[in-house]
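Text of the file coords38.txt, holding compact mmCIF, C-alpha atoms:
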# COMPACT_ATOMS: atom_id res chain seq x y z
CA MET A 14 -11.50 3.96 21.52
CA ASP A 15 -8.94 6.55 20.39
CA LEU A 16 -6.01 4.92 18.58
CA PRO A 17 -3.29 6.18 16.24
CA ALA A 18 -3.58 5.09 12.57
CA ARG A 19 -0.36 3.04 12.78
CA THR A 20 -1.72 1.09 15.73
CA VAL A 21 -4.98 0.31 13.94
CA GLU A 22 -2.98 -0.84 10.93
CA ARG A 23 -0.93 -3.19 13.10
CA LEU A 24 -3.99 -4.52 14.94
CA SER A 25 -5.52 -5.37 11.59
CA LYS A 26 -2.28 -7.14 10.63
CA TYR A 27 -2.20 -9.15 13.87
CA ARG A 28 -5.69 -10.36 13.19
CA ARG A 29 -5.00 -11.15 9.52
CA MET A 30 -1.95 -13.15 10.55
CA LEU A 31 -3.74 -15.00 13.36
CA SER A 32 -7.13 -15.56 11.81
CA LYS A 33 -6.17 -18.97 10.45
CA TYR A 34 -5.52 -20.19 14.02
CA HIS A 35 -8.58 -18.43 15.33
CA SER A 36 -10.79 -21.49 15.57
CA ILE A 37 -8.30 -23.57 17.56
CA ASP A 38 -9.45 -23.42 21.18
CA GLY A 39 -6.71 -22.62 23.64
CA ALA A 40 -4.03 -21.76 21.06
CA HIS A 41 -1.57 -19.14 22.29
CA ILE A 42 1.17 -17.04 20.76
CA PHE A 43 4.09 -15.13 22.29
CA SER A 44 4.62 -11.49 21.43
CA HIS A 45 8.07 -12.28 20.01
CA ASP A 46 6.60 -14.88 17.62
CA LEU A 47 3.89 -12.49 16.44
CA ALA A 48 6.53 -9.77 16.08
CA ARG A 49 8.77 -12.02 13.98
CA LEU A 50 5.90 -12.97 11.66
CA LEU A 51 5.25 -9.30 10.93
CA ASN A 52 8.78 -7.89 11.07
CA LEU A 53 8.02 -5.83 14.19
CA THR A 54 9.67 -5.70 17.60
CA PRO A 55 8.17 -7.65 20.55
CA VAL A 56 8.00 -4.38 22.51
CA GLN A 57 5.85 -2.83 19.79
CA VAL A 58 3.47 -5.79 19.82
CA ARG A 59 3.15 -5.79 23.61
CA ARG A 60 2.55 -2.03 23.66
CA ASP A 61 -0.22 -2.30 21.04
CA LEU A 62 -1.96 -5.14 22.89
CA MET A 63 -1.60 -3.32 26.21
CA LEU A 64 -3.61 -0.47 24.63
CA LEU A 65 -6.43 -3.02 24.22
CA GLY A 66 -6.06 -3.96 27.88
CA LEU A 67 -4.43 -7.32 27.08
CA SER A 68 -1.34 -8.60 28.82
CA GLY A 69 0.05 -11.95 27.80
CA ASN A 70 0.55 -14.91 30.08
CA HIS A 71 4.30 -15.22 30.83
CA ARG A 72 4.28 -18.98 30.27
CA LYS A 73 1.92 -19.23 27.31
CA GLY A 74 1.68 -15.82 25.66
CA TYR A 75 -1.59 -14.41 24.32
CA ASN A 76 -4.74 -16.47 23.78
CA ILE A 77 -5.26 -16.20 20.01
CA LYS A 78 -9.04 -16.53 20.01
CA GLU A 79 -9.37 -13.84 22.70
CA LEU A 80 -6.98 -11.59 20.83
CA VAL A 81 -8.73 -11.93 17.46
CA THR A 82 -12.15 -11.36 19.05
CA LEU A 83 -10.96 -8.30 20.95
CA ILE A 84 -9.34 -6.73 17.89
CA GLY A 85 -12.63 -7.25 16.04
CA LYS A 86 -14.56 -5.50 18.81
CA VAL A 87 -12.22 -2.53 18.66
CA ILE A 88 -11.74 -1.99 14.94
CA ASP A 89 -14.82 -3.45 13.23
CA ASP A 90 -18.17 -1.85 12.77
CA GLU A 91 -20.64 -4.36 14.23
CA GLN A 92 -22.96 -4.04 11.25
CA GLY A 93 -20.12 -4.48 8.79
CA GLN A 94 -19.25 -1.78 6.27
CA ASN A 95 -20.14 -1.51 2.60
CA ILE A 96 -17.51 -0.66 0.04
CA ALA A 97 -17.60 0.50 -3.56
CA VAL A 98 -14.77 0.03 -6.03
CA VAL A 99 -14.73 2.85 -8.57
CA GLY A 100 -12.87 2.19 -11.82
CA MET A 101 -13.06 -1.41 -13.04
CA GLY A 102 -9.86 -1.72 -15.02
CA ASN A 103 -7.35 -4.46 -14.19
CA LEU A 104 -6.57 -2.96 -10.79
CA GLY A 105 -10.19 -2.41 -9.79
CA SER A 106 -11.14 -5.93 -10.87
CA ALA A 107 -8.24 -7.49 -8.97
CA ILE A 108 -9.10 -5.53 -5.81
CA THR A 109 -12.79 -6.41 -6.07
CA ALA A 110 -12.02 -10.13 -6.34
CA PHE A 111 -9.51 -9.92 -3.48
CA ILE A 112 -11.84 -8.18 -1.01
CA HIS A 113 -14.72 -10.42 -2.05
CA LYS A 114 -12.71 -13.52 -1.11
CA ALA A 115 -11.15 -12.10 2.06
CA ASP A 116 -12.37 -12.94 5.54
CA THR A 117 -13.41 -9.47 6.72
CA LYS A 118 -16.42 -7.46 7.90
CA LEU A 119 -16.06 -5.32 4.76
CA HIS A 120 -18.42 -6.11 1.88
CA ILE A 121 -18.17 -4.95 -1.70
CA ALA A 122 -21.68 -3.66 -2.33
CA ALA A 123 -21.17 -2.24 -5.81
CA THR A 124 -18.60 -1.28 -8.42
CA PHE A 125 -18.67 1.64 -10.86
CA ASP A 126 -17.18 2.36 -14.26
CA ILE A 127 -17.79 4.59 -17.27
CA ASP A 128 -17.37 1.72 -19.72
CA PRO A 129 -20.86 0.51 -20.66
CA ARG A 130 -19.46 -2.95 -21.41
CA LYS A 131 -18.63 -3.39 -17.73
CA ILE A 132 -21.87 -1.97 -16.40
CA HIS A 133 -24.32 -4.49 -14.90
CA THR A 134 -22.08 -7.40 -15.79
CA GLY A 135 -20.17 -7.86 -12.54
CA ASP A 136 -18.29 -11.05 -11.69
CA SER A 137 -19.11 -12.84 -8.46
CA GLY A 138 -22.58 -11.34 -8.35
CA ILE A 139 -21.32 -7.81 -7.64
CA SER A 140 -23.07 -5.31 -9.90
CA CYS A 141 -21.19 -2.68 -11.85
CA PHE A 142 -23.02 0.63 -12.33
CA SER A 143 -22.26 3.79 -14.27
CA ILE A 144 -20.49 6.74 -12.62
CA GLY A 145 -23.73 8.70 -12.97
CA GLU A 146 -25.43 6.25 -10.60
CA ILE A 147 -22.93 6.75 -7.74
CA ASN A 148 -25.16 9.08 -5.76
CA ASP A 149 -28.20 6.78 -5.90
CA LYS A 150 -26.33 3.54 -5.24
CA VAL A 151 -24.19 4.89 -2.38
CA ASN A 152 -27.42 5.73 -0.59
CA GLU A 153 -29.33 2.62 -1.64
CA TYR A 154 -26.53 0.28 -0.42
CA SER A 155 -25.34 2.44 2.52
CA ILE A 156 -21.82 2.54 1.10
CA SER A 157 -19.43 4.24 3.52
CA MET A 158 -16.08 3.61 1.80
CA ALA A 159 -14.72 3.73 -1.74
CA VAL A 160 -11.62 2.32 -3.37
CA LEU A 161 -10.54 4.70 -6.13
CA THR A 162 -8.92 3.02 -9.15
CA VAL A 163 -9.99 5.40 -11.91
CA PRO A 164 -7.58 7.02 -14.41
CA PRO A 165 -5.69 10.00 -12.88
CA ALA A 166 -7.40 12.52 -15.17
CA VAL A 167 -10.82 11.92 -13.59
CA ALA A 168 -9.75 11.23 -9.99
CA VAL A 169 -10.63 14.68 -8.63
CA ASP A 170 -14.07 14.79 -10.26
CA VAL A 171 -15.03 11.27 -9.20
CA THR A 172 -13.92 12.04 -5.65
CA LYS A 173 -16.23 15.07 -5.56
CA ILE A 174 -19.13 12.84 -6.60
CA LEU A 175 -18.28 10.25 -3.95
CA VAL A 176 -17.97 12.81 -1.18
CA GLN A 177 -21.21 14.50 -2.21
CA ALA A 178 -22.94 11.12 -2.17
CA GLY A 179 -21.90 10.68 1.47
CA VAL A 180 -18.86 8.37 1.31
CA LYS A 181 -16.79 8.79 4.51
CA GLY A 182 -13.58 6.97 3.60
CA ILE A 183 -11.49 6.73 0.42
CA LEU A 184 -8.56 4.50 -0.42
CA ASN A 185 -6.85 6.31 -3.28
CA PHE A 186 -4.72 4.33 -5.75
CA THR A 187 -4.56 7.05 -8.41
CA SER A 188 -1.42 8.86 -7.16
CA VAL A 189 -3.36 12.11 -7.63
CA HIS A 190 -3.58 14.55 -4.70
CA LEU A 191 -7.18 14.67 -3.46
CA ASP A 192 -8.67 17.43 -1.33
CA VAL A 193 -11.44 16.04 0.86
CA PRO A 194 -13.48 17.57 3.69
CA LYS A 195 -12.25 16.97 7.25
CA ASN A 196 -14.95 14.38 7.96
CA VAL A 197 -13.72 12.13 5.14
CA TYR A 198 -10.81 9.78 5.93
CA LEU A 199 -8.42 9.60 3.00
CA LYS A 200 -5.63 7.05 2.63
CA ASP A 201 -3.29 7.12 -0.35
CA TYR A 202 -1.36 4.19 -1.72
CA ASP A 203 1.33 4.77 -4.32
CA ILE A 204 3.23 1.73 -5.50
CA ILE A 205 6.10 3.85 -6.86
CA THR A 206 6.76 5.14 -3.34
CA SER A 207 6.94 1.57 -2.00
CA LEU A 208 9.29 0.51 -4.79
CA GLU A 209 11.53 3.55 -4.36
CA GLU A 210 11.80 2.77 -0.65
CA ILE A 211 12.90 -0.80 -1.48
CA GLY A 212 15.27 0.58 -4.11
CA PHE A 213 16.95 2.86 -1.58
CA PHE A 214 17.58 0.08 0.91
CA ILE A 215 18.98 -2.39 -1.62
CA LYS A 216 21.03 -0.08 -3.78
CA ASP A 217 24.34 -0.97 -2.12
CA ARG A 218 23.58 -4.64 -1.70
CA SER A 219 24.42 -5.87 -5.18
CA ASN A 220 27.63 -7.48 -3.94
CA MET A 221 26.30 -8.95 -0.70
CA MET B 19 23.10 7.97 3.72
CA ASP B 20 21.34 6.24 6.61
CA LEU B 21 17.63 7.07 6.71
CA PRO B 22 14.58 5.50 8.36
CA ALA B 23 12.12 3.72 6.01
CA ARG B 24 9.36 6.24 6.79
CA THR B 25 11.62 9.12 5.78
CA VAL B 26 12.55 7.49 2.48
CA GLU B 27 8.86 6.89 1.81
CA ARG B 28 8.08 10.57 2.44
CA LEU B 29 11.02 11.77 0.32
CA SER B 30 9.70 9.67 -2.53
CA LYS B 31 6.27 11.23 -2.01
CA TYR B 32 7.68 14.79 -2.01
CA ARG B 33 9.34 14.10 -5.30
CA ARG B 34 6.25 12.44 -6.83
CA MET B 35 4.17 15.43 -5.81
CA LEU B 36 6.66 18.01 -7.05
CA SER B 37 7.90 16.37 -10.22
CA LYS B 38 5.31 18.12 -12.37
CA TYR B 39 6.74 21.53 -11.34
CA HIS B 40 10.29 20.25 -11.61
CA SER B 41 11.08 21.84 -14.97
CA ILE B 42 9.96 25.33 -13.97
CA ASP B 43 13.14 27.26 -13.20
CA GLY B 44 13.04 29.14 -9.94
CA ALA B 45 9.76 27.66 -8.68
CA HIS B 46 9.60 27.41 -4.90
CA ILE B 47 7.31 25.79 -2.36
CA PHE B 48 6.82 26.38 1.37
CA SER B 49 7.00 23.45 3.79
CA HIS B 50 3.42 24.11 4.91
CA ASP B 51 2.13 23.88 1.32
CA LEU B 52 4.02 20.64 0.69
CA ALA B 53 2.74 19.32 4.02
CA ARG B 54 -0.86 20.17 3.16
CA LEU B 55 -0.63 18.41 -0.22
CA LEU B 56 0.50 15.22 1.50
CA ASN B 57 -1.49 15.41 4.74
CA LEU B 58 1.67 15.83 6.84
CA THR B 59 2.74 18.49 9.32
CA PRO B 60 5.10 21.31 8.24
CA VAL B 61 7.45 20.31 11.07
CA GLN B 62 7.70 16.79 9.64
CA VAL B 63 8.51 18.12 6.17
CA ARG B 64 11.16 20.53 7.47
CA ARG B 65 12.76 17.79 9.59
CA ASP B 66 12.95 15.42 6.59
CA LEU B 67 14.51 18.05 4.35
CA MET B 68 16.92 19.09 7.09
CA LEU B 69 18.18 15.49 7.04
CA LEU B 70 19.14 16.10 3.40
CA GLY B 71 20.95 19.28 4.44
CA LEU B 72 18.28 21.55 2.97
CA SER B 73 16.83 24.52 4.78
CA GLY B 74 14.18 26.58 3.06
CA ASN B 75 14.39 30.27 2.33
CA HIS B 76 12.13 32.14 4.80
CA ARG B 77 10.67 34.32 2.11
CA LYS B 78 10.34 31.82 -0.75
CA GLY B 79 10.48 28.33 0.73
CA TYR B 80 12.34 25.50 -0.99
CA ASN B 81 13.59 25.60 -4.58
CA ILE B 82 11.62 22.76 -6.22
CA LYS B 83 14.20 21.84 -8.84
CA GLU B 84 16.96 21.66 -6.23
CA LEU B 85 14.76 19.61 -3.94
CA VAL B 86 13.75 17.08 -6.61
CA THR B 87 17.34 16.69 -7.80
CA LEU B 88 18.65 16.21 -4.28
CA ILE B 89 16.02 13.59 -3.41
CA GLY B 90 17.00 11.73 -6.57
CA LYS B 91 20.66 11.78 -5.57
CA VAL B 92 19.83 10.36 -2.16
CA ILE B 93 17.27 7.67 -2.95
CA ASP B 94 17.89 6.59 -6.55
CA ASP B 95 20.44 4.18 -7.84
CA GLU B 96 22.35 6.12 -10.50
CA GLN B 97 22.20 3.22 -12.96
CA GLY B 98 18.47 2.76 -12.37
CA GLN B 99 17.06 -0.49 -11.03
CA ASN B 100 15.41 -3.35 -12.87
CA ILE B 101 12.17 -4.84 -11.61
CA ALA B 102 10.28 -8.03 -12.33
CA VAL B 103 6.55 -8.49 -11.80
CA VAL B 104 5.77 -12.09 -10.91
CA GLY B 105 2.18 -13.25 -11.43
CA MET B 106 0.44 -11.64 -14.40
CA GLY B 107 -3.19 -11.75 -13.34
CA ASN B 108 -5.28 -8.56 -13.21
CA LEU B 109 -3.19 -7.11 -10.38
CA GLY B 110 0.19 -7.92 -11.96
CA SER B 111 -0.92 -6.50 -15.31
CA ALA B 112 -2.21 -3.31 -13.72
CA ILE B 113 1.01 -2.81 -11.76
CA THR B 114 3.19 -3.50 -14.80
CA ALA B 115 1.34 -0.89 -16.85
CA PHE B 116 1.46 1.61 -13.99
CA ILE B 117 5.20 1.34 -13.37
CA HIS B 118 5.90 1.32 -17.11
CA LYS B 119 4.14 4.68 -17.49
CA ALA B 120 5.51 6.28 -14.31
CA ASP B 121 8.34 8.79 -14.30
CA THR B 122 10.88 6.87 -12.21
CA LYS B 123 14.37 5.35 -12.33
CA LEU B 124 12.77 1.92 -11.94
CA HIS B 125 12.35 -0.15 -15.10
CA ILE B 126 10.21 -3.24 -15.57
CA ALA B 127 12.68 -5.60 -17.20
CA ALA B 128 10.53 -8.74 -17.31
CA THR B 129 7.33 -10.32 -16.06
CA PHE B 130 6.70 -13.96 -15.12
CA ASP B 131 3.69 -16.26 -15.04
CA ILE B 132 2.86 -19.97 -15.14
CA ASP B 133 0.13 -19.46 -17.73
CA PRO B 134 1.62 -20.30 -21.14
CA ARG B 135 -0.89 -18.00 -22.82
CA LYS B 136 0.76 -15.02 -21.12
CA ILE B 137 4.32 -16.09 -21.73
CA HIS B 138 6.24 -14.14 -24.36
CA THR B 139 3.18 -12.06 -25.19
CA GLY B 140 3.81 -9.01 -23.04
CA ASP B 141 2.04 -5.70 -23.57
CA SER B 142 4.12 -2.58 -24.01
CA GLY B 143 7.10 -4.58 -25.22
CA ILE B 144 7.78 -6.16 -21.80
CA SER B 145 8.33 -9.90 -22.16
CA CYS B 146 6.54 -12.42 -19.98
CA PHE B 147 8.53 -15.56 -19.15
CA SER B 148 7.70 -18.80 -17.34
CA ILE B 149 8.41 -19.18 -13.62
CA GLY B 150 11.07 -21.74 -14.54
CA GLU B 151 13.05 -19.02 -16.30
CA ILE B 152 13.26 -16.71 -13.25
CA ASN B 153 16.81 -17.67 -12.37
CA ASP B 154 18.16 -17.11 -15.89
CA LYS B 155 16.28 -13.89 -16.57
CA VAL B 156 17.03 -12.27 -13.18
CA ASN B 157 20.70 -12.64 -14.00
CA GLU B 158 20.44 -11.78 -17.68
CA TYR B 159 18.53 -8.52 -16.96
CA SER B 160 20.23 -7.70 -13.61
CA ILE B 161 16.87 -7.65 -11.85
CA SER B 162 17.25 -6.50 -8.25
CA MET B 163 13.58 -6.18 -7.21
CA ALA B 164 10.40 -8.18 -7.64
CA VAL B 165 6.74 -7.35 -7.22
CA LEU B 166 4.93 -10.49 -6.04
CA THR B 167 1.35 -10.83 -7.30
CA VAL B 168 1.06 -14.63 -7.50
CA PRO B 169 -1.75 -16.65 -5.87
CA PRO B 170 -1.20 -17.09 -2.09
CA ALA B 171 -0.69 -20.87 -2.41
CA VAL B 172 2.55 -20.46 -4.38
CA ALA B 173 3.89 -17.27 -2.74
CA VAL B 174 6.43 -19.00 -0.50
CA ASP B 175 7.84 -21.22 -3.27
CA VAL B 176 8.13 -18.39 -5.78
CA THR B 177 9.85 -16.22 -3.16
CA LYS B 178 12.46 -18.95 -2.62
CA ILE B 179 13.16 -19.01 -6.36
CA LEU B 180 13.47 -15.20 -6.47
CA VAL B 181 15.81 -15.04 -3.50
CA GLN B 182 17.95 -17.87 -4.86
CA ALA B 183 18.17 -16.03 -8.18
CA GLY B 184 19.62 -13.02 -6.37
CA VAL B 185 16.69 -10.63 -6.02
CA LYS B 186 17.41 -8.17 -3.15
CA GLY B 187 14.00 -6.54 -2.67
CA ILE B 188 10.42 -7.84 -2.75
CA LEU B 189 7.13 -5.97 -2.66
CA ASN B 190 4.64 -8.59 -1.50
CA PHE B 191 0.96 -8.21 -2.42
CA THR B 192 -0.03 -11.79 -1.55
CA SER B 193 -0.89 -11.24 2.15
CA VAL B 194 1.16 -14.39 2.86
CA HIS B 195 3.93 -14.20 5.48
CA LEU B 196 7.31 -14.56 3.75
CA ASP B 197 10.55 -15.49 5.44
CA VAL B 198 13.49 -13.94 3.62
CA PRO B 199 17.20 -13.73 4.44
CA LYS B 200 18.43 -10.59 6.21
CA ASN B 201 20.01 -9.18 3.06
CA VAL B 202 16.66 -9.10 1.25
CA TYR B 203 14.41 -6.11 1.88
CA LEU B 204 10.77 -7.18 2.12
CA LYS B 205 7.80 -4.82 2.09
CA ASP B 206 4.25 -6.13 2.46
CA TYR B 207 1.14 -4.43 1.23
CA ASP B 208 -2.24 -5.74 2.30
CA ILE B 209 -5.27 -3.85 1.06
CA ILE B 210 -7.53 -5.32 3.75
CA THR B 211 -5.35 -3.69 6.40
CA SER B 212 -5.69 -0.30 4.69
CA LEU B 213 -9.46 -0.70 4.40
CA GLU B 214 -9.85 -1.82 8.01
CA GLU B 215 -7.89 1.24 9.12
CA ILE B 216 -10.28 3.47 7.14
CA GLY B 217 -13.22 1.50 8.55
CA PHE B 218 -12.10 2.13 12.11
CA PHE B 219 -11.79 5.87 11.63
CA ILE B 220 -15.14 6.32 9.93
CA LYS B 221 -17.29 3.94 11.91
CA ASP B 222 -18.85 6.62 14.09
CA ARG B 223 -19.16 9.21 11.35
CA SER B 224 -22.34 8.02 9.69
CA ASN B 225 -24.32 10.90 11.20
CA MET B 226 -21.76 13.66 10.69
Since I need it in another form, could you write the structure as structure tokens?
Amino acid sequence: MDLPARTVERLSKYRRMLSKYHSIDGAHIFSHDLARLLNLTPVQVRRDLMLLGLSGNHRKGYNIKELVTLIGKVIDDEQGQNIAVVGMGNLGSAITAFIHKADTKLHIAATFDIDPRKIHTGDSGISCFSIGEINDKVNEYSISMAVLTVPPAVAVDVTKILVQAGVKGILNFTSVHLDVPKNVYLKDYDIITSLEEIGFFIKDRSNM
Amino acid sequence: MDLPARTVERLSKYRRMLSKYHSIDGAHIFSHDLARLLNLTPVQVRRDLMLLGLSGNHRKGYNIKELVTLIGKVIDDEQGQNIAVVGMGNLGSAITAFIHKADTKLHIAATFDIDPRKIHTGDSGISCFSIGEINDKVNEYSISMAVLTVPPAVAVDVTKILVQAGVKGILNFTSVHLDVPKNVYLKDYDIITSLEEIGFFIKDRSNM
């Protein structure tokens, strides 16, 4: 199914929000309630779900179990997907623990670092390997995605290694511009950008 | 100036990308080069900069120094803004260090945690206080924004304390739904959503 990135992002959010109600048979939710929970408009929610071929029941709204299952069919890879976290500083460790605990089809298969003290001593049973082992381990564990939390100075070089090893998606936390081939999906996250956005919208609110 | 959130986010990104060339007098950049560096379209870049009243020179593009200065005037608070990081686990510590090192008008004024071992023992000269001191310290340091990196179970309660203390903006990393008053600007970041988006776009690429 062909979907815009923003839609996929929202579908993932709908599921995250609803997954705790997922097991309750017959539970329903209205588009306006789902919209409110995620600070979206009801129209936006209905439009997204219409793209999946779902239209809510006027009296009861959307069946939550049906909705969660359908979103899974659309966005998940049936086999699940294997992830590597590269750079096991504070950020990499926090992200590894978070994904490991989350209810998702994404599995952390391995982590990588240059620090020999971190290598082969992973928490939660996830092994940490050296950067030099990326190529071997990406293939051995069929890793398709990497989370990049290395220091900025090495971001470009580590990315080259990941791409060469066959990684198809990168979530980049380094705030360094990365050039990747067209068949690699790159998503950047920069916390300063998020904070500056908040800063802009609150700067005249000090007296409210 | 009234601007959509997405525009502010992109303006912040333009500046982050260009700030390293900022000090070079007379340096220019074309909209298509800036677009390429940030995976945007040139039309998008030109439209954003037009909103600021800037139109590039056909032969040379945009003056980088002028552009960076103008973005600062539009999105920054002249006095700077003070931030608190609440929850000093791995993620909170990583974020604190990152913001502290970044070139931005945002200052980390304090951090908070329940763990007494972390309290008053901040790295980089930033003090860590107990959750019970939020109200006092938010006022003492004029903190307008908080980054929320506490465990999910306490996210709602800590948010209430922050809002009551007068915080006007929250960047929420807990993946818990937060209800905040209309005069508080809330931005959620959920890494699972970002990874699931990547997963969707790469799931049929394994043989490319």
Sorted by chain and rising residue number, which residues of chain A lie within 8 Å of chain B, and what are their closest atom pairs and distances in Å to one decimal, counting all atoms listed in the file, as JSON lines?
{"residue": "A:Ala18", "atom": "CA", "partner": "B:Glu215", "partner_atom": "CA", "distance": 6.7}
{"residue": "A:Val21", "atom": "CA", "partner": "B:Glu215", "partner_atom": "CA", "distance": 5.7}
{"residue": "A:Glu22", "atom": "CA", "partner": "B:Glu215", "partner_atom": "CA", "distance": 5.6}
{"residue": "A:Ser25", "atom": "CA", "partner": "B:Thr211", "partner_atom": "CA", "distance": 5.5}
{"residue": "A:Lys26", "atom": "CA", "partner": "B:Thr211", "partner_atom": "CA", "distance": 6.3}
{"residue": "A:Met30", "atom": "CA", "partner": "B:His195", "partner_atom": "CA", "distance": 7.8}
{"residue": "A:Leu50", "atom": "CA", "partner": "B:His195", "partner_atom": "CA", "distance": 6.6}
{"residue": "A:Leu51", "atom": "CA", "partner": "B:His195", "partner_atom": "CA", "distance": 7.4}
{"residue": "A:Ile88", "atom": "CA", "partner": "B:Phe218", "partner_atom": "CA", "distance": 5.0}
{"residue": "A:Asp89", "atom": "CA", "partner": "B:Phe218", "partner_atom": "CA", "distance": 6.3}
{"residue": "A:Asp90", "atom": "CA", "partner": "B:Lys221", "partner_atom": "CA", "distance": 5.9}
{"residue": "A:Gln94", "atom": "CA", "partner": "B:Gly217", "partner_atom": "CA", "distance": 7.2}
{"residue": "A:Gly102", "atom": "CA", "partner": "B:Ala112", "partner_atom": "CA", "distance": 7.9}
{"residue": "A:Asn103", "atom": "CA", "partner": "B:Asn108", "partner_atom": "CA", "distance": 4.7}
{"residue": "A:Leu104", "atom": "CA", "partner": "B:Ala112", "partner_atom": "CA", "distance": 5.3}
{"residue": "A:Ser106", "atom": "CA", "partner": "B:Asn108", "partner_atom": "CA", "distance": 6.8}
{"residue": "A:Ala107", "atom": "CA", "partner": "B:Leu109", "partner_atom": "CA", "distance": 5.3}
{"residue": "A:Ile108", "atom": "CA", "partner": "B:Leu109", "partner_atom": "CA", "distance": 7.6}
{"residue": "A:Ile112", "atom": "CA", "partner": "B:Ile210", "partner_atom": "CA", "distance": 7.0}
{"residue": "A:Ala115", "atom": "CA", "partner": "B:Ile210", "partner_atom": "CA", "distance": 7.9}
{"residue": "A:Thr117", "atom": "CA", "partner": "B:Ile210", "partner_atom": "CA", "distance": 7.8}
{"residue": "A:Leu119", "atom": "CA", "partner": "B:Glu214", "partner_atom": "CA", "distance": 7.8}
{"residue": "A:Ser157", "atom": "CA", "partner": "B:Ser224", "partner_atom": "CA", "distance": 7.8}
{"residue": "A:Met158", "atom": "CA", "partner": "B:Gly217", "partner_atom": "CA", "distance": 7.6}
{"residue": "A:Lys181", "atom": "CA", "partner": "B:Ile220", "partner_atom": "CA", "distance": 6.2}
{"residue": "A:Gly182", "atom": "CA", "partner": "B:Ile216", "partner_atom": "CA", "distance": 6.0}
{"residue": "A:Ile183", "atom": "CA", "partner": "B:Ile216", "partner_atom": "CA", "distance": 7.6}
{"residue": "A:Leu184", "atom": "CA", "partner": "B:Leu213", "partner_atom": "CA", "distance": 7.1}
{"residue": "A:His190", "atom": "CA", "partner": "B:Leu55", "partner_atom": "CA", "distance": 6.6}
{"residue": "A:Asn196", "atom": "CA", "partner": "B:Met226", "partner_atom": "CA", "distance": 7.4}
{"residue": "A:Val197", "atom": "CA", "partner": "B:Ile220", "partner_atom": "CA", "distance": 7.7}
{"residue": "A:Tyr198", "atom": "CA", "partner": "B:Ile216", "partner_atom": "CA", "distance": 6.4}
{"residue": "A:Leu199", "atom": "CA", "partner": "B:Ile216", "partner_atom": "CA", "distance": 7.6}
{"residue": "A:Lys200", "atom": "CA", "partner": "B:Ile216", "partner_atom": "CA", "distance": 7.4}
{"residue": "A:Ile205", "atom": "CA", "partner": "B:Ile117", "partner_atom": "CA", "distance": 7.0}
{"residue": "A:Thr206", "atom": "CA", "partner": "B:Ser30", "partner_atom": "CA", "distance": 5.5}
{"residue": "A:Ser207", "atom": "CA", "partner": "B:Glu27", "partner_atom": "CA", "distance": 6.8}
{"residue": "A:Leu208", "atom": "CA", "partner": "B:Leu189", "partner_atom": "CA", "distance": 7.2}
{"residue": "A:Glu209", "atom": "CA", "partner": "B:Ser30", "partner_atom": "CA", "distance": 6.6}
{"residue": "A:Glu210", "atom": "CA", "partner": "B:Glu27", "partner_atom": "CA", "distance": 5.6}
{"residue": "A:Ile211", "atom": "CA", "partner": "B:Gly187", "partner_atom": "CA", "distance": 6.0}
{"residue": "A:Gly212", "atom": "CA", "partner": "B:Asp94", "partner_atom": "CA", "distance": 7.0}
{"residue": "A:Phe213", "atom": "CA", "partner": "B:Ile93", "partner_atom": "CA", "distance": 5.0}
{"residue": "A:Phe214", "atom": "CA", "partner": "B:Tyr203", "partner_atom": "CA", "distance": 7.0}
{"residue": "A:Ile215", "atom": "CA", "partner": "B:Lys186", "partner_atom": "CA", "distance": 6.2}
{"residue": "A:Lys216", "atom": "CA", "partner": "B:Asp95", "partner_atom": "CA", "distance": 5.9}
{"residue": "A:Arg218", "atom": "CA", "partner": "B:Lys186", "partner_atom": "CA", "distance": 7.3}
{"residue": "A:Ser219", "atom": "CA", "partner": "B:Lys186", "partner_atom": "CA", "distance": 7.7}
{"residue": "A:Met221", "atom": "CA", "partner": "B:Asn201", "partner_atom": "CA", "distance": 7.3}
Quick one: pull the distance between CA of His118 in chain B and CA of Leu85 in chain B, Å, one decimal.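 Calculated distance between CA of His118 in chain B and CA of Leu85 in chain B is 24.2 Å.
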Find the residues around range 59-68 of chain A up to 7 Å (all atoms listed in the file counted), leave out those fewer than 2 positions away in its own chain, and share them as a PyMOL selection string. chain A and resi 20+44+55-57+70
Hey, can you spit out that residue selection with C-alpha atoms as a PDB file, keeping the file's coordinate frame?
ATOM      1  CA  THR A  20      -1.720   1.090  15.730  1.00  0.00           C
ATOM      2  CA  SER A  44       4.620 -11.490  21.430  1.00  0.00           C
ATOM      3  CA  PRO A  55       8.170  -7.650  20.550  1.00  0.00           C
ATOM      4  CA  VAL A  56       8.000  -4.380  22.510  1.00  0.00           C
ATOM      5  CA  GLN A  57       5.850  -2.830  19.790  1.00  0.00           C
ATOM      6  CA  ASN A  70       0.550 -14.910  30.080  1.00  0.00           C
TER       7      ASN A  70
END
Here is a test: counting only C-alpha atoms, which residue of A:His120, A:Ile132, A:Ser140, A:Val99 is nearest to Thr162 in chain A? A:Val99
Go ahead and compute the interatomic distance for CA of Val81 in chain A and CA of Ala48 in chain A, in Å to one decimal.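 These atoms are spaced 15.5 Å apart.
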Please measure the separation of CA of Arg130 in chain A and CA of Asp170 in chain A, giving the value in Å to one decimal.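 These atoms are spaced 21.6 Å apart.
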Surrounding residues of Phe142 in chain A excluding itself and chain neighbours under 5 positions, 9 Å, only C-alpha atoms, as number ranges by chain: A: 123-127, 129, 131-135, 147, 150
Which residue of A:Leu161, A:Tyr154, A:Phe43, A:Asn148 approaches Ile174 in chain A most closely, using only C-alpha atoms: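 Distance minimum relative to Ile174 in chain A lands on A:Asn148.
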Neighbour list for Lys73 in chain A as a count of residues only, cut-off 12 Å, all atoms listed in the file, skip fewer than 2 positions in-chain: 15
